[in-house]
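Data from data-v7.txt: compact mmCIF, C-alpha atoms
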```txt
# COMPACT_ATOMS: atom_id res chain seq x y z
CA MET A 1 124.73 18.31 75.61
CA THR A 2 125.33 20.38 78.68
CA ASN A 3 129.04 19.52 78.76
CA LEU A 4 129.95 21.76 75.79
CA THR A 5 132.28 24.58 76.82
CA SER A 6 131.48 28.10 75.66
CA GLU A 7 134.43 27.88 73.27
CA GLN A 8 133.21 24.60 71.80
CA LYS A 9 129.73 26.07 71.31
CA ARG A 10 131.30 29.11 69.65
CA ILE A 11 133.27 26.86 67.31
CA CYS A 12 130.06 25.06 66.36
CA GLU A 13 128.33 28.39 65.67
CA GLN A 14 131.23 29.72 63.62
CA VAL A 15 131.45 26.57 61.50
CA ILE A 16 127.72 26.77 60.80
CA ASN A 17 127.98 30.50 60.05
CA ALA A 18 130.76 29.74 57.57
CA PHE A 19 128.68 27.02 55.92
CA GLU A 20 125.64 29.24 55.71
CA THR A 21 127.06 32.66 54.86
CA GLY A 22 130.77 32.23 54.06
CA SER A 23 131.73 34.22 57.16
CA VAL A 24 132.39 33.13 60.75
CA GLU A 25 130.42 36.09 62.08
CA GLY A 26 127.21 35.31 60.21
CA ASP A 27 125.17 37.98 58.48
CA TYR A 28 122.73 39.67 60.83
CA SER A 29 121.56 42.41 58.46
CA CYS A 30 121.03 40.48 55.25
CA ILE A 31 117.64 40.89 53.62
CA SER A 32 116.60 38.74 50.68
CA ILE A 33 113.34 38.81 48.77
CA TYR A 34 112.11 35.50 47.42
CA HIS A 35 108.92 34.20 45.87
CA ASP A 36 108.56 31.64 48.60
CA GLY A 37 105.74 32.99 50.70
CA PRO A 38 102.27 31.43 50.79
CA ASN A 39 101.12 30.76 47.21
CA LYS A 40 104.53 31.78 45.90
CA ILE A 41 104.16 35.44 46.88
CA ARG A 42 107.26 37.54 47.55
CA GLN A 43 108.37 37.80 51.14
CA VAL A 44 111.18 39.24 53.24
CA THR A 45 113.86 36.83 54.50
CA TYR A 46 116.03 38.33 57.21
CA GLY A 47 119.11 37.88 59.30
CA ARG A 48 121.44 35.17 60.50
CA SER A 49 118.71 32.57 60.76
CA GLN A 50 117.01 33.59 57.49
CA THR A 51 113.71 34.20 59.25
CA THR A 52 110.80 34.78 56.87
CA GLU A 53 108.02 37.34 56.86
CA TYR A 54 105.32 34.67 56.83
CA GLY A 55 107.30 32.41 59.15
CA ASN A 56 108.75 33.66 62.43
CA LEU A 57 109.82 37.22 61.65
CA ASP A 58 107.01 38.63 63.81
CA GLU A 59 108.37 36.70 66.79
CA LEU A 60 111.92 37.94 66.16
CA VAL A 61 110.84 41.57 65.80
CA GLN A 62 108.63 41.28 68.89
CA MET A 63 111.64 40.01 70.87
CA TYR A 64 113.71 42.92 69.58
CA ALA A 65 110.94 45.45 70.29
CA ASP A 66 110.79 44.18 73.89
CA ALA A 67 114.58 44.40 74.30
CA ASN A 68 114.76 48.20 73.97
CA GLY A 69 117.31 48.24 71.20
CA THR A 70 118.25 51.34 69.22
CA PHE A 71 115.52 50.71 66.63
CA SER A 72 113.00 48.94 68.87
CA GLY A 73 110.63 51.92 69.03
CA GLN A 74 110.57 52.31 65.25
CA LEU A 75 110.08 48.59 64.62
CA ARG A 76 107.44 48.02 67.31
CA PRO A 77 104.51 49.29 65.18
CA TYR A 78 105.37 46.66 62.57
CA VAL A 79 104.98 43.66 64.90
CA ASP A 80 101.24 43.32 64.34
CA LYS A 81 101.56 43.84 60.60
CA ILE A 82 104.18 41.17 59.94
CA GLY A 83 102.59 38.16 58.29
CA VAL A 84 99.28 40.00 58.03
CA ALA A 85 99.95 42.82 55.57
CA PRO A 86 102.70 42.45 52.94
CA LEU A 87 105.82 44.38 53.94
CA VAL A 88 108.04 43.22 51.12
CA ASP A 89 107.87 46.64 49.43
CA ASP A 90 108.01 48.68 52.62
CA GLY A 91 111.37 50.39 52.26
CA GLN A 92 111.36 51.86 55.76
CA PHE A 93 110.69 48.49 57.38
CA LYS A 94 113.48 46.80 55.44
CA GLN A 95 115.93 49.61 56.15
CA LEU A 96 115.16 49.45 59.87
CA LEU A 97 115.86 45.72 59.87
CA ARG A 98 119.11 46.28 57.97
CA ASP A 99 120.21 49.08 60.30
CA ALA A 100 119.35 47.09 63.41
CA GLY A 101 121.21 43.99 62.17
CA LYS A 102 124.22 46.05 61.15
CA ASN A 103 124.51 48.60 63.93
CA ASP A 104 122.73 47.37 67.03
CA PRO A 105 124.36 44.64 69.15
CA VAL A 106 120.97 44.12 70.81
CA MET A 107 119.54 42.87 67.50
CA ARG A 108 122.50 40.55 67.06
CA ASP A 109 122.01 39.14 70.56
CA ILE A 110 118.29 38.66 69.87
CA GLN A 111 119.08 36.86 66.62
CA ASP A 112 121.56 34.61 68.43
CA VAL A 113 118.93 33.76 71.03
CA PHE A 114 116.41 33.17 68.28
CA PHE A 115 118.84 30.95 66.30
CA ASP A 116 119.63 28.93 69.43
CA LYS A 117 115.94 28.50 70.18
CA ARG A 118 115.15 27.44 66.63
CA TYR A 119 118.12 25.15 65.93
CA PHE A 120 120.73 24.75 68.67
CA HIS A 121 118.53 23.79 71.62
CA PRO A 122 116.43 21.27 69.64
CA ALA A 123 119.64 19.78 68.22
CA MET A 124 121.23 19.43 71.64
CA ALA A 125 118.01 17.99 73.07
CA TRP A 126 118.06 15.36 70.30
CA ALA A 127 121.75 14.65 71.01
CA ASP A 128 121.11 14.29 74.74
CA GLY A 129 118.13 12.05 74.16
CA HIS A 130 120.19 9.71 72.01
CA GLY A 131 123.20 9.61 74.31
CA PHE A 132 125.73 11.72 72.39
CA THR A 133 128.36 13.53 74.44
CA LEU A 134 131.27 14.53 72.16
CA PRO A 135 131.66 18.09 70.78
CA LEU A 136 132.16 16.88 67.19
CA SER A 137 128.92 14.92 67.54
CA ALA A 138 127.25 18.15 68.69
CA LEU A 139 128.56 19.98 65.62
CA THR A 140 127.40 17.19 63.30
CA ILE A 141 123.92 17.05 64.78
CA TYR A 142 123.61 20.84 64.96
CA ASP A 143 124.59 21.08 61.29
CA SER A 144 121.82 18.67 60.33
CA PHE A 145 119.24 20.63 62.32
CA VAL A 146 120.25 23.88 60.58
CA HIS A 147 120.56 22.35 57.12
CA SER A 148 117.76 19.76 57.13
CA GLY A 149 115.65 20.76 60.11
CA GLY A 150 116.66 17.62 61.99
CA ILE A 151 118.15 14.15 61.66
CA LEU A 152 116.37 12.68 58.65
CA GLY A 153 114.82 9.29 59.31
CA PHE A 154 115.54 7.84 55.88
CA LEU A 155 119.26 8.56 56.32
CA ARG A 156 119.36 6.67 59.63
CA LYS A 157 118.06 3.61 57.80
CA ARG A 158 121.04 3.69 55.46
CA PHE A 159 123.64 2.66 58.03
CA PRO A 160 123.66 -0.06 60.68
CA GLU A 161 125.07 1.53 63.85
CA SER A 162 122.70 2.33 66.72
CA PRO A 163 122.96 5.63 68.60
CA PRO A 164 124.74 5.47 71.98
CA ALA A 165 121.43 5.43 73.89
CA GLY A 166 120.58 2.27 71.97
CA GLY A 167 123.87 0.58 72.79
CA GLY A 168 125.85 1.77 69.77
CA ASP A 169 129.26 3.42 69.61
CA GLU A 170 129.10 7.21 69.35
CA LYS A 171 132.08 7.69 67.05
CA THR A 172 130.96 4.87 64.76
CA TRP A 173 127.43 6.29 64.54
CA ILE A 174 128.66 9.81 63.72
CA THR A 175 131.14 8.46 61.15
CA GLN A 176 128.50 6.34 59.43
CA TYR A 177 125.91 9.11 59.59
CA VAL A 178 128.24 11.70 58.03
CA ALA A 179 129.10 9.22 55.26
CA ALA A 180 125.41 8.48 54.61
CA ARG A 181 124.49 12.15 54.60
CA GLY A 182 127.40 13.02 52.34
CA ASP A 183 126.43 10.25 49.92
CA TRP A 184 122.86 11.53 49.84
CA LEU A 185 123.88 15.15 49.22
CA ALA A 186 126.41 14.21 46.54
CA ASN A 187 124.09 11.88 44.64
CA ALA A 188 120.63 13.35 45.17
CA GLU A 189 118.31 13.42 42.16
CA ASN A 190 118.13 17.17 42.65
CA PRO A 191 121.51 18.44 41.36
CA ASP A 192 121.23 21.64 43.41
CA LEU A 193 122.00 19.60 46.52
CA HIS A 194 125.32 18.33 45.20
CA PRO A 195 127.46 21.43 45.95
CA THR A 196 126.31 21.39 49.58
CA VAL A 197 128.41 18.28 50.17
CA TYR A 198 131.17 20.59 51.41
CA ARG A 199 129.51 20.39 54.81
CA THR A 200 129.88 16.65 55.24
CA ARG A 201 133.37 16.79 53.70
CA CYS A 202 134.37 19.22 56.43
CA LEU A 203 132.87 17.01 59.14
CA ALA A 204 134.49 13.90 57.63
CA ALA A 205 137.86 15.68 57.66
CA GLU A 206 137.48 16.43 61.37
CA ILE A 207 136.49 12.82 62.04
CA ALA A 208 139.53 11.66 60.05
CA ARG A 209 141.90 13.70 62.17
CA GLY A 210 140.21 12.62 65.37
CA ASN A 211 139.10 16.10 66.35
CA TRP A 212 136.29 14.82 68.58
CA ASP A 213 136.78 17.55 71.19
CA LEU A 214 137.16 20.33 68.59
CA ALA A 215 140.54 21.26 70.08
CA GLN A 216 142.47 21.10 66.82
CA LEU A 217 142.11 24.52 65.24
CA PRO A 218 141.57 25.99 62.79
CA ILE A 219 138.78 24.00 61.24
CA ASP A 220 138.48 24.53 57.49
CA ALA A 221 134.78 25.19 56.95
CA ASN A 222 134.21 25.51 53.21
CA GLY A 223 137.41 27.50 52.80
CA VAL A 224 136.83 29.64 55.89
CA LYS A 225 139.24 29.10 58.78
CA VAL A 226 137.46 28.76 62.09
CA PHE A 227 139.55 29.48 65.19
CA GLY A 228 136.72 29.83 67.72
CA ARG A 229 137.87 33.31 68.73
CA GLU A 230 135.38 35.70 70.28
CA MET B 1 109.76 35.50 -28.56
CA ARG B 2 108.41 38.52 -26.75
CA GLN B 3 105.00 36.86 -26.54
CA ASN B 4 106.66 33.75 -25.27
CA ARG B 5 108.39 35.81 -22.59
CA SER B 6 105.08 37.41 -21.69
CA SER B 7 103.46 34.01 -21.39
CA MET B 8 106.32 32.84 -19.24
CA THR B 9 105.89 35.87 -16.98
CA VAL B 10 102.21 35.16 -16.54
CA GLY B 11 103.07 31.54 -15.98
CA TRP B 12 105.36 32.55 -13.10
CA LEU B 13 103.06 35.20 -11.69
CA LEU B 14 100.09 32.99 -11.12
CA PRO B 15 101.71 30.45 -8.82
CA LEU B 16 103.66 33.24 -7.12
CA THR B 17 100.43 35.07 -6.42
CA ILE B 18 98.90 31.89 -4.99
CA LEU B 19 102.00 31.34 -2.97
CA ALA B 20 101.93 34.90 -1.67
CA LEU B 21 98.33 34.49 -0.59
CA THR B 22 98.93 31.18 1.15
CA ALA B 23 102.10 32.60 2.70
CA ALA B 24 100.23 35.39 4.41
CA SER B 25 101.72 36.17 7.78
CA PRO B 26 100.31 34.38 10.82
CA ALA B 27 98.90 37.72 11.94
CA GLU B 28 97.07 38.15 8.67
CA ARG B 29 95.78 34.60 8.81
CA CYS B 30 94.66 35.11 12.39
CA LEU B 31 92.76 38.21 11.38
CA ALA B 32 91.23 36.30 8.51
CA ALA B 33 90.23 33.57 10.93
CA GLY B 34 88.58 36.14 13.18
CA ARG B 35 90.94 35.91 16.15
CA SER B 36 93.30 38.45 17.56
CA ARG B 37 97.05 38.19 17.82
CA LEU B 38 98.64 38.64 21.20
CA VAL B 39 102.28 38.87 20.15
CA PRO B 40 103.63 40.91 17.24
CA GLY B 41 105.28 38.66 14.67
CA GLY B 42 109.01 38.11 15.00
CA TRP B 43 109.14 38.82 18.72
CA ASN B 44 110.76 35.74 20.25
CA PRO B 45 112.54 36.70 23.46
CA SER B 46 114.98 34.14 24.82
CA LEU B 47 116.59 33.69 28.20
CA GLU B 48 119.11 31.10 27.03
CA ASP B 49 122.12 33.43 27.20
CA VAL B 50 121.17 34.58 30.68
CA ARG B 51 120.69 30.96 31.67
CA THR B 52 124.16 30.06 30.43
CA TYR B 53 125.63 32.99 32.32
CA VAL B 54 123.88 32.07 35.56
CA ASP B 55 124.83 28.39 35.21
CA GLU B 56 128.48 29.29 34.65
CA ASP B 57 128.46 31.85 37.44
CA CYS B 58 126.97 29.33 39.87
CA SER B 59 129.37 26.51 39.10
CA GLY B 60 133.00 26.19 40.03
CA ALA B 61 133.76 28.30 43.07
CA THR B 62 132.66 26.95 46.44
CA LYS B 63 129.60 28.81 47.64
CA SER B 64 127.90 29.36 50.95
CA GLN B 65 124.45 27.91 51.48
CA ARG B 66 122.93 31.34 51.02
CA ALA B 67 124.64 31.78 47.64
CA LEU B 68 123.65 28.26 46.56
CA THR B 69 120.05 28.93 47.53
CA GLU B 70 119.99 32.15 45.53
CA ALA B 71 121.59 30.41 42.55
CA SER B 72 119.03 27.63 42.68
CA ARG B 73 116.20 30.13 42.81
CA SER B 74 117.65 32.18 39.95
CA ARG B 75 117.92 29.11 37.72
CA THR B 76 114.36 28.14 38.56
CA ASP B 77 113.00 31.63 37.97
CA LEU B 78 114.67 31.65 34.55
CA ARG B 79 113.08 28.36 33.53
CA ASP B 80 109.69 29.49 34.76
CA ALA B 81 110.04 32.71 32.76
CA GLN B 82 111.03 30.68 29.67
CA LEU B 83 107.96 28.51 30.19
CA PHE B 84 105.83 31.65 30.39
CA ILE B 85 107.25 32.92 27.10
CA THR B 86 106.63 29.60 25.37
CA TYR B 87 103.12 29.43 26.80
CA VAL B 88 102.28 32.89 25.48
CA LEU B 89 103.69 32.10 22.03
CA LEU B 90 101.70 28.88 21.92
CA ILE B 91 98.49 30.54 23.10
CA ASP B 92 99.04 33.10 20.39
CA ALA B 93 99.25 30.42 17.73
CA LEU B 94 95.99 28.71 18.73
CA ASP B 95 92.39 29.36 17.83
CA GLU B 96 89.89 30.38 20.51
CA ALA B 97 88.95 26.83 21.45
CA GLY B 98 92.59 25.79 21.61
CA ARG B 99 93.42 28.76 23.78
CA ALA B 100 90.68 27.89 26.27
CA ARG B 101 91.85 24.28 26.40
CA LEU B 102 95.48 25.26 26.96
CA PHE B 103 94.52 27.82 29.60
CA ASN B 104 92.65 25.22 31.66
CA GLU B 105 95.34 22.63 31.14
CA GLN B 106 98.01 25.07 32.30
CA LYS B 107 95.97 26.13 35.31
CA GLN B 108 95.65 22.53 36.46
CA TRP B 109 99.31 21.87 35.75
CA LEU B 110 100.38 24.88 37.86
CA ALA B 111 98.50 23.50 40.85
CA LYS B 112 100.06 20.08 40.26
CA ARG B 113 103.54 21.59 40.03
CA GLU B 114 103.11 23.24 43.41
CA ARG B 115 101.98 19.97 44.99
CA LEU B 116 104.83 17.97 43.48
CA ALA B 117 107.49 20.54 44.40
CA GLN B 118 106.25 20.64 48.00
CA ALA B 119 106.25 16.86 48.13
CA ALA B 120 109.93 16.78 47.11
CA VAL B 121 110.97 18.65 50.28
CA VAL B 122 112.45 16.46 53.02
CA SER B 123 114.49 19.08 54.91
CA LYS B 124 111.50 20.87 56.40
CA GLY B 125 112.56 23.87 58.48
CA GLY B 126 116.19 23.65 57.35
CA THR B 127 118.14 25.94 55.07
CA LEU B 128 118.17 23.17 52.47
CA GLU B 129 114.37 23.29 52.21
CA PRO B 130 114.17 26.09 49.61
CA VAL B 131 116.84 24.37 47.50
CA GLU B 132 114.96 21.07 47.52
CA TYR B 133 111.77 22.89 46.58
CA SER B 134 113.43 25.00 43.92
CA GLY B 135 115.24 22.09 42.27
CA ALA B 136 112.07 20.00 42.08
CA PHE B 137 110.08 23.00 40.86
CA ARG B 138 112.62 23.54 38.08
CA LYS B 139 112.67 19.90 36.98
CA ILE B 140 108.88 19.81 36.69
CA THR B 141 108.94 23.14 34.85
CA GLU B 142 111.55 21.89 32.37
CA GLU B 143 109.43 18.84 31.60
CA ARG B 144 106.45 21.06 30.88
CA LEU B 145 108.61 23.44 28.87
CA ALA B 146 109.69 20.56 26.61
CA VAL B 147 106.05 19.60 26.05
CA LEU B 148 104.96 23.13 25.15
CA GLU B 149 108.02 23.78 22.97
CA LYS B 150 107.25 20.63 21.00
CA ARG B 151 103.65 21.69 20.52
CA LEU B 152 104.75 25.17 19.46
CA ALA B 153 107.21 23.75 16.93
CA GLU B 154 104.50 21.49 15.52
CA ARG B 155 102.09 24.39 15.32
CA ARG B 156 104.60 26.56 13.53
CA ALA B 157 105.43 23.75 11.11
CA LYS B 158 101.73 23.47 10.28
CA GLN B 159 101.48 27.21 9.71
CA LYS B 160 104.42 27.32 7.29
CA PRO B 161 103.23 27.87 3.75
CA SER B 162 103.46 24.70 1.69
CA THR B 163 104.93 24.93 -1.79
CA PRO B 164 102.55 23.46 -4.34
CA LYS B 165 104.41 20.65 -6.04
CA GLY B 166 105.47 21.28 -9.62
CA GLU B 167 104.19 24.84 -9.74
CA VAL B 168 107.33 26.72 -8.93
CA LYS B 169 110.72 25.70 -10.17
```
What is this structure when it is put down as structure tokens?
Amino acid sequence: MTNLTSEQKRICEQVINAFETGSVEGDYSCISIYHDGPNKIRQVTYGRSQTTEYGNLDELVQMYADANGTFSGQLRPYVDKIGVAPLVDDGQFKQLLRDAGKNDPVMRDIQDVFFDKRYFHPAMAWADGHGFTLPLSALTIYDSFVHSGGILGFLRKRFPESPPAGGGDEKTWITQYVAARGDWLANAENPDLHPTVYRTRCLAAEIARGNWDLAQLPIDANGVKVFGRE
Amino acid sequence: MRQNRSSMTVGWLLPLTILALTAASPAERCLAAGRSRLVPGGWNPSLEDVRTYVDEDCSGATKSQRALTEASRSRTDLRDAQLFITYVLLIDALDEAGRARLFNEQKQWLAKRERLAQAAVVSKGGTLEPVEYSGAFRKITEERLAVLEKRLAERRAKQKPSTPKGEVK
């Protein structure tokens, strides 16, 4: 969706940041340790996009090392170790990541680029391919890419409207999709999914007030007011 | 009268002695059966209070996805730890053959749990993925926990000393 203005893109990012972290800025320095590495081993999860040690953290740190940030020199030796040797108990490594995320705008820019590459660009490519043009459609589709990794096929089968590229009406498709997704989240067999329905409630509220161009601000994103300010 | 009392005392002592012998502690009976105890008697740690606290802390207020993911993982970790405790207590209550059987059964079940939890994930690559995995992992773990708790209760019931009918009033 190449017709999104920079402000509309920023609004999308801030809404997603609010959904994900409870803050419009996102959390670039957050480190979590979970038992969700290969074979349930502990691994580092880092930054705005929650990149994992055995996932794409090596790529992110490589990008940062190449960008000559404040901590690039100190993090560069770790690039070849990430995903190869466990770094979950390496205090220096974790502190460098925290410091870079907190204090170096270069790391924040790299994480934004990384987040766009991982979620925003694929989401917008999907939207373009299916004929969506409205900013609220972009936000809805982007949210699904961040939350579910894409537009889930089984959800599309739960409502009748075709996407615009298939001759359907864009607003009808988005409305029906948000309702189907909200129904799934609220009634999933896994009760841990139920509280996440705040996302579709927010999107449904914007649909209800006809905020298709995201011009009506603020947007209430899970209790966080999004104004789209830089 | 005194002789009668003495006879009564002996009459009480005999069944009490038998009872005391049959009511030997599980540890003593294990030693007698030639197997070692793993857990000192009376040590029954529980995570129920922590679980209640975490459940209450995680409900109510609207949370970000990151907080919900951490809450889901915490709940799951607690159930897995409770399963571990129950497994150890049950292993402790079994004889050598029973221990070997349970060990193999649990090993196979752990692999199955991983497969089933992975299969429950539909949001691959999304921030919902760990929540889908964790919720499924916990459900499977709770089902297994119920099975092992039932077996442990049955085992403990069997090990309780029975009171010989009509011998002690």
Select residues of chain A: the criterion is any atom within 10 Å of an atom of chain B, counting all atoms listed in the file; output as a PDB file with C-alpha atoms, in the coordinates of the input.
```
ATOM      1  CA  ILE A  16     127.720  26.770  60.800  1.00  0.00           C
ATOM      2  CA  ASN A  17     127.980  30.500  60.050  1.00  0.00           C
ATOM      3  CA  ALA A  18     130.760  29.740  57.570  1.00  0.00           C
ATOM      4  CA  PHE A  19     128.680  27.020  55.920  1.00  0.00           C
ATOM      5  CA  GLU A  20     125.640  29.240  55.710  1.00  0.00           C
ATOM      6  CA  THR A  21     127.060  32.660  54.860  1.00  0.00           C
ATOM      7  CA  GLY A  22     130.770  32.230  54.060  1.00  0.00           C
ATOM      8  CA  SER A  23     131.730  34.220  57.160  1.00  0.00           C
ATOM      9  CA  SER A  32     116.600  38.740  50.680  1.00  0.00           C
ATOM     10  CA  ILE A  33     113.340  38.810  48.770  1.00  0.00           C
ATOM     11  CA  TYR A  34     112.110  35.500  47.420  1.00  0.00           C
ATOM     12  CA  HIS A  35     108.920  34.200  45.870  1.00  0.00           C
ATOM     13  CA  ASP A  36     108.560  31.640  48.600  1.00  0.00           C
ATOM     14  CA  ASN A  39     101.120  30.760  47.210  1.00  0.00           C
ATOM     15  CA  LYS A  40     104.530  31.780  45.900  1.00  0.00           C
ATOM     16  CA  SER A  49     118.710  32.570  60.760  1.00  0.00           C
ATOM     17  CA  GLN A  50     117.010  33.590  57.490  1.00  0.00           C
ATOM     18  CA  ARG A 118     115.150  27.440  66.630  1.00  0.00           C
ATOM     19  CA  TYR A 119     118.120  25.150  65.930  1.00  0.00           C
ATOM     20  CA  ASP A 143     124.590  21.080  61.290  1.00  0.00           C
ATOM     21  CA  SER A 144     121.820  18.670  60.330  1.00  0.00           C
ATOM     22  CA  PHE A 145     119.240  20.630  62.320  1.00  0.00           C
ATOM     23  CA  VAL A 146     120.250  23.880  60.580  1.00  0.00           C
ATOM     24  CA  HIS A 147     120.560  22.350  57.120  1.00  0.00           C
ATOM     25  CA  SER A 148     117.760  19.760  57.130  1.00  0.00           C
ATOM     26  CA  GLY A 149     115.650  20.760  60.110  1.00  0.00           C
ATOM     27  CA  GLY A 150     116.660  17.620  61.990  1.00  0.00           C
ATOM     28  CA  ILE A 151     118.150  14.150  61.660  1.00  0.00           C
ATOM     29  CA  LEU A 152     116.370  12.680  58.650  1.00  0.00           C
ATOM     30  CA  GLY A 153     114.820   9.290  59.310  1.00  0.00           C
ATOM     31  CA  PHE A 154     115.540   7.840  55.880  1.00  0.00           C
ATOM     32  CA  ALA A 188     120.630  13.350  45.170  1.00  0.00           C
ATOM     33  CA  GLU A 189     118.310  13.420  42.160  1.00  0.00           C
ATOM     34  CA  ASN A 190     118.130  17.170  42.650  1.00  0.00           C
ATOM     35  CA  PRO A 191     121.510  18.440  41.360  1.00  0.00           C
ATOM     36  CA  ASP A 192     121.230  21.640  43.410  1.00  0.00           C
ATOM     37  CA  LEU A 193     122.000  19.600  46.520  1.00  0.00           C
ATOM     38  CA  PRO A 195     127.460  21.430  45.950  1.00  0.00           C
ATOM     39  CA  THR A 196     126.310  21.390  49.580  1.00  0.00           C
ATOM     40  CA  TYR A 198     131.170  20.590  51.410  1.00  0.00           C
ATOM     41  CA  ARG A 199     129.510  20.390  54.810  1.00  0.00           C
ATOM     42  CA  ASN A 222     134.210  25.510  53.210  1.00  0.00           C
ATOM     43  CA  GLY A 223     137.410  27.500  52.800  1.00  0.00           C
TER      44      GLY A 223
END
```
What's around B:Ile85 at 9 Å? Count all atoms listed in the file, leave out sequence neighbours fewer than 4 positions away in its own chain, and write the answer as JSON, numbers by chain.
{"B": [44, 45, 46, 80, 81, 89, 90]}
Do you have the atom CA of A:Thr51-atom CA of A:Pro38 distance handy?
14.5 Å
Separation of atom CA of A:Gly228 and atom CA of A:Arg10, in Å?
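About the pair atom CA of A:Gly228 and atom CA of A:Arg10: they are 5.8 Å apart.
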Hey, can you pull every residue with an atom no more than 12 Å from (133.7, 26.0, 71.9), using all atoms listed in the file, and send it as a ChimeraX atom specification?
/A:3-15,134-136,138-139,212-217,219,226-230
What's the separation between atom CA of B:Leu152 and atom CA of B:Gln82, in Å to one decimal place?
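Computed distance, atom CA of B:Leu152 to atom CA of B:Gln82, equals 13.2 Å.
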Non-local contacts of B:Arg155 (9 Å; all atoms listed in the file; under 4 positions in same chain excluded) as a VMD selection string
chain B and resid 90 93 to 94 150 to 151 159 to 160
